[in-house]
$ cat target07.pdb   # PDB, C-alpha atoms and all ligand atoms
MODEL        1
ATOM      1  CA  MET A   1     -34.682 -23.748  23.909
ATOM      2  CA  LEU A   2     -31.520 -23.969  21.795
ATOM      3  CA  ASN A   3     -31.346 -26.359  18.829
ATOM      4  CA  LYS A   4     -28.581 -28.943  18.204
ATOM      5  CA  LEU A   5     -26.490 -26.682  16.004
ATOM      6  CA  GLN A   6     -26.718 -23.780  18.442
ATOM      7  CA  LYS A   7     -25.565 -26.087  21.274
ATOM      8  CA  GLU A   8     -22.649 -27.358  19.167
ATOM      9  CA  ILE A   9     -21.595 -23.766  18.451
ATOM     10  CA  LEU A  10     -21.604 -22.928  22.158
ATOM     11  CA  GLU A  11     -19.450 -26.000  22.908
ATOM     12  CA  ILE A  12     -16.893 -25.147  20.206
ATOM     13  CA  LYS A  13     -16.914 -21.534  21.387
ATOM     14  CA  GLU A  14     -15.872 -22.669  24.893
ATOM     15  CA  GLU A  15     -13.138 -24.964  23.538
ATOM     16  CA  LYS A  16     -11.727 -22.141  21.420
ATOM     17  CA  ASN A  17     -12.027 -19.536  24.203
ATOM     18  CA  ALA A  18     -13.989 -17.421  21.736
ATOM     19  CA  ILE A  19     -16.570 -14.667  22.053
ATOM     20  CA  ILE A  20     -19.474 -14.096  19.656
ATOM     21  CA  LEU A  21     -20.482 -10.473  19.066
ATOM     22  CA  SER A  22     -23.704  -9.720  17.216
ATOM     23  CA  HIS A  23     -25.281  -6.579  15.826
ATOM     24  CA  ASN A  24     -28.975  -5.984  16.601
ATOM     25  CA  TYR A  25     -29.838  -6.782  12.953
ATOM     26  CA  GLN A  26     -28.775 -10.428  13.142
ATOM     27  CA  PRO A  27     -31.628 -12.976  13.031
ATOM     28  CA  GLY A  28     -33.035 -14.352  16.289
ATOM     29  CA  GLU A  29     -31.196 -17.691  16.084
ATOM     30  CA  ILE A  30     -27.853 -15.819  16.033
ATOM     31  CA  GLN A  31     -28.895 -13.324  18.713
ATOM     32  CA  GLU A  32     -29.720 -16.365  20.929
ATOM     33  CA  ILE A  33     -26.135 -17.679  20.888
ATOM     34  CA  ALA A  34     -24.296 -14.344  21.021
ATOM     35  CA  ASP A  35     -22.329 -13.323  24.107
ATOM     36  CA  PHE A  36     -23.129  -9.721  23.382
ATOM     37  CA  ILE A  37     -25.690  -8.011  21.132
ATOM     38  CA  GLY A  38     -25.602  -4.291  20.502
ATOM     39  CA  ASP A  39     -25.637  -1.260  18.250
ATOM     40  CA  SER A  40     -22.500   0.013  16.527
ATOM     41  CA  LEU A  41     -21.340   2.080  19.516
ATOM     42  CA  GLU A  42     -22.037  -0.648  22.070
ATOM     43  CA  LEU A  43     -20.140  -3.134  19.889
ATOM     44  CA  CYS A  44     -17.166  -0.727  19.663
ATOM     45  CA  ILE A  45     -17.138  -0.321  23.441
ATOM     46  CA  LYS A  46     -17.416  -4.093  23.944
ATOM     47  CA  ALA A  47     -14.624  -4.707  21.400
ATOM     48  CA  SER A  48     -12.406  -2.271  23.328
ATOM     49  CA  GLN A  49     -12.872  -4.360  26.488
ATOM     50  CA  ILE A  50     -12.074  -7.846  25.167
ATOM     51  CA  LYS A  51      -9.031  -8.975  27.113
ATOM     52  CA  ASP A  52      -9.212 -12.668  27.933
ATOM     53  CA  LYS A  53     -10.514 -14.161  24.643
ATOM     54  CA  ASP A  54      -8.402 -15.746  21.888
ATOM     55  CA  LEU A  55     -10.940 -15.498  19.082
ATOM     56  CA  VAL A  56     -13.656 -12.960  18.271
ATOM     57  CA  VAL A  57     -16.462 -14.052  15.922
ATOM     58  CA  PHE A  58     -18.100 -10.899  14.603
ATOM     59  CA  CYS A  59     -21.669 -11.298  13.341
ATOM     60  CA  GLY A  60     -22.043  -7.936  11.685
ATOM     61  CA  VAL A  61     -20.725  -6.207   8.559
ATOM     62  CA  ASP A  62     -17.180  -5.460   7.399
ATOM     63  CA  PHE A  63     -16.682  -2.047   8.988
ATOM     64  CA  MET A  64     -17.739  -3.366  12.422
ATOM     65  CA  ALA A  65     -15.271  -6.266  12.317
ATOM     66  CA  GLU A  66     -12.537  -3.918  11.068
ATOM     67  CA  THR A  67     -13.205  -1.578  13.993
ATOM     68  CA  ALA A  68     -12.902  -4.539  16.376
ATOM     69  CA  PHE A  69      -9.516  -5.342  14.779
ATOM     70  CA  ILE A  70      -8.354  -1.711  15.012
ATOM     71  CA  LEU A  71      -9.096  -1.866  18.751
ATOM     72  CA  ASN A  72      -7.517  -5.331  19.147
ATOM     73  CA  PRO A  73      -4.716  -5.697  16.565
ATOM     74  CA  ASP A  74      -3.196  -8.674  18.395
ATOM     75  CA  LYS A  75      -6.443 -10.671  18.521
ATOM     76  CA  LYS A  76      -7.875 -12.986  15.893
ATOM     77  CA  ILE A  77     -11.072 -11.400  14.550
ATOM     78  CA  VAL A  78     -13.167 -13.540  12.192
ATOM     79  CA  ILE A  79     -16.368 -12.900  10.267
ATOM     80  CA  PRO A  80     -18.562 -15.918   9.352
ATOM     81  CA  ASP A  81     -19.237 -14.682   5.782
ATOM     82  CA  ALA A  82     -16.442 -12.641   4.209
ATOM     83  CA  GLY A  83     -18.936 -11.036   1.818
ATOM     84  CA  ALA A  84     -20.892  -9.268   4.586
ATOM     85  CA  GLU A  85     -20.164  -5.713   3.502
ATOM     86  CA  CYS A  86     -22.076  -2.535   4.276
ATOM     87  CA  PRO A  87     -22.711  -0.822   0.913
ATOM     88  CA  MET A  88     -22.854   2.574   2.611
ATOM     89  CA  ALA A  89     -19.353   2.142   4.027
ATOM     90  CA  HIS A  90     -18.085   1.718   0.460
ATOM     91  CA  MET A  91     -19.617   5.017  -0.684
ATOM     92  CA  LEU A  92     -16.850   7.165   0.799
ATOM     93  CA  PRO A  93     -13.355   6.274  -0.455
ATOM     94  CA  ALA A  94     -10.410   7.895   1.384
ATOM     95  CA  GLU A  95      -9.578   9.857  -1.783
ATOM     96  CA  LYS A  96     -12.890  11.742  -1.616
ATOM     97  CA  ILE A  97     -12.169  12.810   1.968
ATOM     98  CA  LYS A  98      -8.694  14.057   1.013
ATOM     99  CA  ASN A  99     -10.247  16.133  -1.797
ATOM    100  CA  ALA A 100     -12.890  17.592   0.531
ATOM    101  CA  LYS A 101     -10.184  18.507   3.075
ATOM    102  CA  GLU A 102      -8.390  20.513   0.383
ATOM    103  CA  VAL A 103     -11.574  22.453  -0.341
ATOM    104  CA  TYR A 104     -12.379  22.972   3.395
ATOM    105  CA  PRO A 105      -8.960  23.071   5.138
ATOM    106  CA  ASP A 106     -10.414  24.473   8.396
ATOM    107  CA  ALA A 107     -13.182  21.909   8.735
ATOM    108  CA  ALA A 108     -13.121  18.986  11.155
ATOM    109  CA  VAL A 109     -13.757  15.556   9.621
ATOM    110  CA  VAL A 110     -16.378  13.518  11.483
ATOM    111  CA  LEU A 111     -17.048  10.132   9.963
ATOM    112  CA  TYR A 112     -19.828   7.693  10.710
ATOM    113  CA  VAL A 113     -18.377   4.412  11.947
ATOM    114  CA  ASN A 114     -19.961   2.933   8.770
ATOM    115  CA  THR A 115     -16.752   3.589   6.804
ATOM    116  CA  LEU A 116     -13.819   1.443   5.765
ATOM    117  CA  ALA A 117     -10.543   1.604   7.708
ATOM    118  CA  GLU A 118      -8.783   3.681   4.994
ATOM    119  CA  ALA A 119     -11.496   6.339   5.345
ATOM    120  CA  LYS A 120     -11.393   6.189   9.165
ATOM    121  CA  ALA A 121      -7.669   6.935   8.932
ATOM    122  CA  GLU A 122      -8.582  10.322   7.358
ATOM    123  CA  ALA A 123     -11.049  11.280  10.129
ATOM    124  CA  ASP A 124     -10.481  13.541  13.123
ATOM    125  CA  VAL A 125     -13.086  11.578  15.034
ATOM    126  CA  LEU A 126     -15.706   8.911  14.376
ATOM    127  CA  CYS A 127     -19.319   8.807  15.467
ATOM    128  CA  THR A 128     -22.272   6.429  15.443
ATOM    129  CA  SER A 129     -25.957   7.238  15.256
ATOM    130  CA  ALA A 130     -25.982   7.099  19.092
ATOM    131  CA  ASN A 131     -23.467   9.889  19.627
ATOM    132  CA  ALA A 132     -23.191  11.883  16.349
ATOM    133  CA  LEU A 133     -24.575  15.108  17.794
ATOM    134  CA  LYS A 134     -22.487  14.852  20.981
ATOM    135  CA  VAL A 135     -19.325  14.282  18.909
ATOM    136  CA  VAL A 136     -20.022  17.247  16.599
ATOM    137  CA  GLU A 137     -20.850  19.542  19.550
ATOM    138  CA  SER A 138     -17.643  18.553  21.356
ATOM    139  CA  LEU A 139     -15.430  19.969  18.580
ATOM    140  CA  ASP A 140     -13.909  23.476  18.409
ATOM    141  CA  GLU A 141     -14.421  23.744  14.643
ATOM    142  CA  ASP A 142     -17.628  25.358  13.321
ATOM    143  CA  THR A 143     -17.504  23.619   9.940
ATOM    144  CA  ILE A 144     -17.786  19.864   9.828
ATOM    145  CA  LEU A 145     -17.227  17.512   6.909
ATOM    146  CA  PHE A 146     -19.596  14.672   7.735
ATOM    147  CA  GLY A 147     -20.082  11.359   5.918
ATOM    148  CA  PRO A 148     -21.039   9.054   4.432
ATOM    149  CA  ASP A 149     -24.720   9.050   5.498
ATOM    150  CA  TYR A 150     -26.579  12.086   4.155
ATOM    151  CA  ASN A 151     -29.605  11.463   6.410
ATOM    152  CA  LEU A 152     -27.549  11.270   9.600
ATOM    153  CA  ALA A 153     -25.794  14.466   8.475
ATOM    154  CA  TRP A 154     -29.250  16.049   8.034
ATOM    155  CA  TYR A 155     -30.302  14.900  11.514
ATOM    156  CA  VAL A 156     -27.190  16.465  13.077
ATOM    157  CA  SER A 157     -27.646  19.695  11.080
ATOM    158  CA  GLN A 158     -31.151  20.089  12.591
ATOM    159  CA  HIS A 159     -29.748  20.097  16.139
ATOM    160  CA  THR A 160     -26.560  22.146  15.871
ATOM    161  CA  ASN A 161     -25.561  25.664  14.815
ATOM    162  CA  LYS A 162     -22.445  24.311  13.111
ATOM    163  CA  GLU A 163     -22.203  24.038   9.342
ATOM    164  CA  ILE A 164     -22.514  20.363   8.356
ATOM    165  CA  ILE A 165     -21.160  19.520   4.904
ATOM    166  CA  PRO A 166     -22.172  16.011   3.767
ATOM    167  CA  ILE A 167     -19.543  13.934   1.931
ATOM    168  CA  PRO A 168     -20.414  12.390  -0.472
ATOM    169  CA  GLU A 169     -23.614  14.286  -1.308
ATOM    170  CA  ASN A 170     -25.778  11.181  -1.648
ATOM    171  CA  GLY A 171     -24.406   8.609   0.839
ATOM    172  CA  HIS A 172     -27.226   6.392   2.050
ATOM    173  CA  CYS A 173     -28.363   3.048   3.446
ATOM    174  CA  TYR A 174     -30.572   1.136   0.977
ATOM    175  CA  VAL A 175     -32.452  -0.500   3.869
ATOM    176  CA  HIS A 176     -33.451   2.729   5.622
ATOM    177  CA  LYS A 177     -34.365   4.277   2.255
ATOM    178  CA  MET A 178     -37.259   1.762   2.120
ATOM    179  CA  PHE A 179     -39.272   3.589   4.782
ATOM    180  CA  ASN A 180     -41.733   6.234   3.760
ATOM    181  CA  PRO A 181     -43.779   8.763   5.750
ATOM    182  CA  ALA A 182     -47.130   7.550   4.353
ATOM    183  CA  ASP A 183     -46.622   4.082   5.937
ATOM    184  CA  ILE A 184     -45.758   5.692   9.263
ATOM    185  CA  LEU A 185     -48.792   7.992   9.157
ATOM    186  CA  PHE A 186     -51.052   5.030   8.296
ATOM    187  CA  LEU A 187     -49.704   3.042  11.282
ATOM    188  CA  LYS A 188     -50.023   6.072  13.570
ATOM    189  CA  GLN A 189     -53.710   6.308  12.678
ATOM    190  CA  LYS A 190     -54.166   2.587  13.236
ATOM    191  CA  TYR A 191     -52.335   2.670  16.597
ATOM    192  CA  PRO A 192     -52.942   6.197  17.954
ATOM    193  CA  ASP A 193     -51.310   5.411  21.334
ATOM    194  CA  ALA A 194     -48.107   4.029  19.792
ATOM    195  CA  GLU A 195     -44.700   5.683  20.092
ATOM    196  CA  VAL A 196     -42.872   5.869  16.757
ATOM    197  CA  LEU A 197     -39.121   5.192  16.885
ATOM    198  CA  VAL A 198     -37.132   5.729  13.690
ATOM    199  CA  HIS A 199     -33.443   5.493  12.843
ATOM    200  CA  PRO A 200     -31.515   8.600  11.665
ATOM    201  CA  GLU A 201     -30.483   6.725   8.500
ATOM    202  CA  CYS A 202     -34.135   7.181   7.384
ATOM    203  CA  ASP A 203     -35.022  10.066   5.060
ATOM    204  CA  PRO A 204     -35.775  13.468   6.671
ATOM    205  CA  GLU A 205     -39.568  13.144   6.044
ATOM    206  CA  VAL A 206     -39.568   9.787   7.843
ATOM    207  CA  GLN A 207     -37.578  11.244  10.747
ATOM    208  CA  GLU A 208     -40.124  14.068  10.955
ATOM    209  CA  ALA A 209     -42.983  11.541  11.095
ATOM    210  CA  GLY A 210     -41.376   9.778  14.107
ATOM    211  CA  ASP A 211     -41.663  10.655  17.804
ATOM    212  CA  HIS A 212     -38.011   9.741  18.456
ATOM    213  CA  VAL A 213     -34.975   9.483  16.168
ATOM    214  CA  LEU A 214     -32.620   6.948  17.720
ATOM    215  CA  SER A 215     -29.822   4.442  17.208
ATOM    216  CA  THR A 216     -30.916   0.828  17.620
ATOM    217  CA  GLY A 217     -29.456   0.787  21.145
ATOM    218  CA  GLY A 218     -31.310   4.037  21.890
ATOM    219  CA  MET A 219     -34.553   2.397  20.760
ATOM    220  CA  LEU A 220     -34.142  -0.393  23.294
ATOM    221  CA  LYS A 221     -33.363   2.018  26.140
ATOM    222  CA  THR A 222     -36.348   4.216  25.242
ATOM    223  CA  ILE A 223     -38.714   1.232  25.209
ATOM    224  CA  HIS A 224     -37.366  -0.052  28.534
ATOM    225  CA  GLY A 225     -38.014   3.373  30.082
ATOM    226  CA  SER A 226     -41.482   3.917  28.569
ATOM    227  CA  SER A 227     -44.906   2.992  29.911
ATOM    228  CA  SER A 228     -46.393   2.836  26.383
ATOM    229  CA  GLU A 229     -47.800  -0.500  25.247
ATOM    230  CA  THR A 230     -47.220  -0.151  21.497
ATOM    231  CA  PHE A 231     -44.156   0.864  19.490
ATOM    232  CA  ILE A 232     -43.779   1.372  15.734
ATOM    233  CA  ILE A 233     -40.183   0.682  14.709
ATOM    234  CA  GLY A 234     -38.516   2.274  11.685
ATOM    235  CA  THR A 235     -35.314   0.299  11.219
ATOM    236  CA  GLU A 236     -34.103  -3.105   9.996
ATOM    237  CA  ILE A 237     -36.609  -5.891  10.673
ATOM    238  CA  ASP A 238     -34.545  -7.934  13.166
ATOM    239  CA  MET A 239     -34.398  -4.991  15.543
ATOM    240  CA  THR A 240     -38.008  -5.901  16.285
ATOM    241  CA  THR A 241     -36.808  -9.464  17.046
ATOM    242  CA  ARG A 242     -34.440  -8.085  19.697
ATOM    243  CA  ILE A 243     -37.064  -5.713  21.135
ATOM    244  CA  LYS A 244     -39.718  -8.442  21.320
ATOM    245  CA  SER A 245     -37.393 -10.932  23.002
ATOM    246  CA  GLU A 246     -36.657  -8.405  25.771
ATOM    247  CA  ASN A 247     -40.189  -6.963  25.947
ATOM    248  CA  PRO A 248     -42.588  -9.887  25.395
ATOM    249  CA  ASP A 249     -45.515  -7.940  26.863
ATOM    250  CA  LYS A 250     -45.181  -4.981  24.439
ATOM    251  CA  ASN A 251     -46.793  -4.646  21.029
ATOM    252  CA  VAL A 252     -43.895  -4.098  18.593
ATOM    253  CA  ILE A 253     -44.830  -3.187  15.016
ATOM    254  CA  PRO A 254     -42.301  -2.853  12.183
ATOM    255  CA  ALA A 255     -42.868   0.274  10.075
ATOM    256  CA  PHE A 256     -41.954  -1.795   6.993
ATOM    257  CA  GLU A 257     -41.622  -5.572   7.198
ATOM    258  CA  GLU A 258     -39.432  -5.854   4.112
ATOM    259  CA  ALA A 259     -36.684  -3.598   5.452
ATOM    260  CA  ILE A 260     -34.082  -6.354   5.461
ATOM    261  CA  CYS A 261     -30.320  -5.807   5.363
ATOM    262  CA  GLU A 262     -29.315  -8.680   3.067
ATOM    263  CA  ASN A 263     -25.669  -8.042   3.900
ATOM    264  CA  MET A 264     -26.199  -8.676   7.614
ATOM    265  CA  LYS A 265     -28.196 -11.817   6.790
ATOM    266  CA  LEU A 266     -25.262 -13.497   5.013
ATOM    267  CA  HIS A 267     -24.228 -14.970   8.363
ATOM    268  CA  THR A 268     -25.863 -18.259   9.327
ATOM    269  CA  LEU A 269     -25.448 -20.735  12.178
ATOM    270  CA  GLU A 270     -23.609 -23.145   9.811
ATOM    271  CA  LYS A 271     -21.177 -20.390   8.829
ATOM    272  CA  ILE A 272     -20.609 -19.433  12.478
ATOM    273  CA  LYS A 273     -19.731 -23.048  13.289
ATOM    274  CA  ASN A 274     -17.321 -23.133  10.345
ATOM    275  CA  SER A 275     -15.864 -19.810  11.405
ATOM    276  CA  LEU A 276     -15.123 -21.145  14.897
ATOM    277  CA  LEU A 277     -13.715 -24.468  13.690
ATOM    278  CA  LYS A 278     -11.498 -23.122  10.908
ATOM    279  CA  GLU A 279     -10.891 -19.701  12.488
ATOM    280  CA  GLU A 280     -11.932 -17.966   9.298
ATOM    281  CA  PHE A 281     -12.507 -15.490   7.682
ATOM    282  CA  ILE A 282      -9.780 -13.363   9.202
ATOM    283  CA  VAL A 283     -10.341  -9.601   9.323
ATOM    284  CA  LYS A 284      -7.177  -7.491   9.233
ATOM    285  CA  VAL A 285      -6.228  -3.891   8.484
ATOM    286  CA  PRO A 286      -2.708  -2.772   7.421
ATOM    287  CA  GLU A 287      -0.714  -1.570  10.451
ATOM    288  CA  ASP A 288      -0.254   2.068   9.373
ATOM    289  CA  VAL A 289      -3.937   2.460   8.451
ATOM    290  CA  ALA A 290      -5.050   0.815  11.714
ATOM    291  CA  ALA A 291      -2.813   3.094  13.799
ATOM    292  CA  LYS A 292      -4.250   6.252  12.178
ATOM    293  CA  ALA A 293      -7.838   4.986  12.381
ATOM    294  CA  LEU A 294      -7.335   4.084  16.058
ATOM    295  CA  ASN A 295      -6.893   7.769  16.959
ATOM    296  CA  ALA A 296     -10.325   8.586  15.497
ATOM    297  CA  VAL A 297     -11.972   5.577  17.183
ATOM    298  CA  GLU A 298     -10.418   6.339  20.573
ATOM    299  CA  ARG A 299     -11.367   9.994  20.364
ATOM    300  CA  MET A 300     -14.996   8.942  19.810
ATOM    301  CA  LEU A 301     -14.874   6.535  22.758
ATOM    302  CA  GLU A 302     -13.462   9.279  25.004
ATOM    303  CA  ILE A 303     -16.259  11.673  24.031
ATOM    304  CA  SER A 304     -18.889   8.967  24.553
ATOM    305  CA  SER A 305     -17.685   7.907  28.013
TER     306      SER A 305
HETATM  307  P1  LIG A 401     -26.848   1.340  14.951
HETATM  308  O1  LIG A 401     -27.161  -0.065  15.357
HETATM  309  O2  LIG A 401     -25.559   1.815  15.502
HETATM  310  O3  LIG A 401     -27.990   2.260  15.274
HETATM  311  O4  LIG A 401     -26.623   1.376  13.384
HETATM  312  C1  LIG A 401     -27.439   0.843  12.464
HETATM  313  C2  LIG A 401     -26.756   0.367  11.259
HETATM  314  O5  LIG A 401     -27.244   0.461  10.189
HETATM  315  C3  LIG A 401     -25.490  -0.303  11.390
HETATM  316  O6  LIG A 401     -25.063  -0.639  10.176
HETATM  317 FE1  LIG A 402     -25.133  -0.874   6.040
HETATM  318 FE2  LIG A 402     -27.692  -0.187   6.006
HETATM  319 FE3  LIG A 402     -27.055  -2.739   6.344
HETATM  320 FE4  LIG A 402     -26.575  -0.935   8.275
HETATM  321  S1  LIG A 402     -28.561  -1.589   7.520
HETATM  322  S2  LIG A 402     -25.186  -2.516   7.550
HETATM  323  S3  LIG A 402     -26.044   0.883   7.073
HETATM  324  S4  LIG A 402     -26.647  -1.490   4.543
ENDMDL
END
$ encode --input "target07.pdb" --output "structure tokens"
Amino acid sequence: MLNKLQKEILEIKEEKNAIILSHNYQPGEIQEIADFIGDSLELCIKASQIKDKDLVVFCGVDFMAETAFILNPDKKIVIPDAGAECPMAHMLPAEKIKNAKEVYPDAAVVLYVNTLAEAKAEADVLCTSANALKVVESLDEDTILFGPDYNLAWYVSQHTNKEIIPIPENGHCYVHKMFNPADILFLKQKYPDAEVLVHPECDPEVQEAGDHVLSTGGMLKTIHGSSSETFIIGTEIDMTTRIKSENPDKNVIPAFEEAICENMKLHTLEKIKNSLLKEEFIVKVPEDVAAKALNAVERMLEISS
């Protein structure tokens, strides 16, 4: 049952011919009013298909809204809280990529979608946690500059014969750094029949303690296709909100309840209403940067299709 504010938002959304996109890490009350909820790749694909809407309200972090703009430069993309930045995306400035290219001129540059537009413009192709291995394997080059997430780079390096060079050397997500293997092992003993699903942004030892290493969208698909009753989830806490709402009969246990992405949580229902009414805060990328970044985004979408 929607509350008054949620109903108001849906009314304004209709009047404005708007669409609300939400990442899986948004709180339940935002997931409930979103037109589409997904992981980074699913949100990119959805953003590439928006044709008939005048306004896109992006409930996610900066790099996601920027990617939506890159794919739709003639649409109005707004983010309810302009401060919703992904700290990891800020760990790899374009300058660092240019320097690495000089050191490894024959390497391909594969960047996680968690990067700013200026960095994306320096990439040969982007990837998300859902398709990183597929993207790397699709390339002719045997040496890959990969950033900014060191742990995702480690995950890919375990499944390919190519040389993966992480840039920077210590790029990370502070939320996924909160998980530790001892917590997972404790929960595995407590729930011996549970399947353990962890995100590739987690440290290598945590990935090794899991049964599956998956993007958030991959987690949902795996749970839908599994006959297990209990799942231990190693990613941001509101992923369990999404899983529970779609799988009310399953036992869904967070691997660490305090794994909260404060940046994602800056959006609120009040701010979404404001965002729709005032059509703010606008997300834009300079034309030349957007055009270069678009090549890398489109190449990823081609590989993923
Ligand atoms: P996915 O939802 O693509 O798995 O990514 C998680 C994440 O941290 C996005 O910032
Ligand atoms: Fe960035 Fe980590 Fe938050 Fe994802 S969970 S938006 S990678 S800080």
$ residues_near_ligand --input "target07.pdb" --ligand "ligand LIG 402 (chain A)" --cutoff "7 Å" --atoms "all atoms listed in the file" --output "PyMOL selection string"
chain A and resi 61+86-89+114+173-176+236+261+263-264
$ axis_aligned_box --input "target07.pdb" --around "ligand LIG 401 (chain A)" --padding-each-side "8 Å" --output "lines of an AutoDock Vina configuration file"
center_x = -26.5
center_y = 0.8
center_z = 12.8
size_x = 18.9
size_y = 18.9
size_z = 21.3
$ residues_near_ligand --input "target07.pdb" --ligand "ligand LIG 401 (chain A)" --cutoff "10 Å" --atoms "all atoms listed in the file" --output "number ranges by chain"
A: 23-25, 37-44, 60-64, 85-89, 112-115, 127-131, 173-176, 198-201, 214-219, 235-236, 239, 261, 263-264
$ closest_residue --input "target07.pdb" --among "A:Ile223, A:Val78, A:Val125, A:Ile12" --to "A:Met300" --atoms "only C-alpha atoms"
A:Val125
$ atom_distance --input "target07.pdb" --atom1 "atom CA of A:Phe58" --atom2 "atom CA of A:Asp74"
15.5 Å
$ atom_distance --input "target07.pdb" --atom1 "atom CA of A:Thr160" --atom2 "atom CA of A:His212"
17.1 Å
$ closest_residue --input "target07.pdb" --among "A:Ala117, A:Ile19, A:Ala47, A:Ile30" --to "A:Leu294" --atoms "only C-alpha atoms"
A:Ala117
$ decode --input "target07.pdb" --residues "stretch 186-197 of chain A" --atoms "N, CA, C and O atoms" --output "PDB file, in the first residue's frame"
ATOM      1  N   PHE A 186      30.829 -17.956   9.653  1.00  0.00           N
ATOM      2  CA  PHE A 186      29.926 -18.100  10.806  1.00  0.00           C
ATOM      3  C   PHE A 186      28.487 -18.366  10.315  1.00  0.00           C
ATOM      4  O   PHE A 186      27.815 -19.289  10.776  1.00  0.00           O
ATOM      5  N   LEU A 187      28.043 -17.555   9.334  1.00  0.00           N
ATOM      6  CA  LEU A 187      26.669 -17.713   8.824  1.00  0.00           C
ATOM      7  C   LEU A 187      26.491 -19.045   8.084  1.00  0.00           C
ATOM      8  O   LEU A 187      25.436 -19.669   8.152  1.00  0.00           O
ATOM      9  N   LYS A 188      27.560 -19.480   7.414  1.00  0.00           N
ATOM     10  CA  LYS A 188      27.481 -20.769   6.701  1.00  0.00           C
ATOM     11  C   LYS A 188      27.297 -21.930   7.689  1.00  0.00           C
ATOM     12  O   LYS A 188      26.579 -22.883   7.410  1.00  0.00           O
ATOM     13  N   GLN A 189      27.954 -21.790   8.846  1.00  0.00           N
ATOM     14  CA  GLN A 189      27.792 -22.841   9.871  1.00  0.00           C
ATOM     15  C   GLN A 189      26.393 -22.796  10.459  1.00  0.00           C
ATOM     16  O   GLN A 189      25.782 -23.823  10.747  1.00  0.00           O
ATOM     17  N   LYS A 190      25.892 -21.581  10.637  1.00  0.00           N
ATOM     18  CA  LYS A 190      24.549 -21.415  11.217  1.00  0.00           C
ATOM     19  C   LYS A 190      23.455 -21.902  10.254  1.00  0.00           C
ATOM     20  O   LYS A 190      22.434 -22.440  10.676  1.00  0.00           O
ATOM     21  N   TYR A 191      23.681 -21.646   8.950  1.00  0.00           N
ATOM     22  CA  TYR A 191      22.687 -22.032   7.928  1.00  0.00           C
ATOM     23  C   TYR A 191      23.381 -22.927   6.899  1.00  0.00           C
ATOM     24  O   TYR A 191      23.711 -22.476   5.792  1.00  0.00           O
ATOM     25  N   PRO A 192      23.628 -24.192   7.245  1.00  0.00           N
ATOM     26  CA  PRO A 192      24.438 -25.057   6.367  1.00  0.00           C
ATOM     27  C   PRO A 192      23.824 -25.288   4.970  1.00  0.00           C
ATOM     28  O   PRO A 192      24.552 -25.610   4.043  1.00  0.00           O
ATOM     29  N   ASP A 193      22.499 -25.110   4.833  1.00  0.00           N
ATOM     30  CA  ASP A 193      21.880 -25.343   3.525  1.00  0.00           C
ATOM     31  C   ASP A 193      21.811 -24.069   2.671  1.00  0.00           C
ATOM     32  O   ASP A 193      21.298 -24.094   1.545  1.00  0.00           O
ATOM     33  N   ALA A 194      22.319 -22.964   3.214  1.00  0.00           N
ATOM     34  CA  ALA A 194      22.189 -21.685   2.492  1.00  0.00           C
ATOM     35  C   ALA A 194      23.153 -21.607   1.313  1.00  0.00           C
ATOM     36  O   ALA A 194      24.239 -22.193   1.342  1.00  0.00           O
ATOM     37  N   GLU A 195      22.734 -20.859   0.281  1.00  0.00           N
ATOM     38  CA  GLU A 195      23.662 -20.509  -0.808  1.00  0.00           C
ATOM     39  C   GLU A 195      24.205 -19.117  -0.491  1.00  0.00           C
ATOM     40  O   GLU A 195      23.435 -18.223  -0.103  1.00  0.00           O
ATOM     41  N   VAL A 196      25.518 -18.943  -0.688  1.00  0.00           N
ATOM     42  CA  VAL A 196      26.144 -17.656  -0.361  1.00  0.00           C
ATOM     43  C   VAL A 196      26.449 -16.906  -1.654  1.00  0.00           C
ATOM     44  O   VAL A 196      27.202 -17.383  -2.506  1.00  0.00           O
ATOM     45  N   LEU A 197      25.826 -15.725  -1.792  1.00  0.00           N
ATOM     46  CA  LEU A 197      25.992 -14.901  -2.993  1.00  0.00           C
ATOM     47  C   LEU A 197      26.752 -13.640  -2.611  1.00  0.00           C
ATOM     48  O   LEU A 197      26.289 -12.886  -1.746  1.00  0.00           O
TER      49      LEU A 197
END
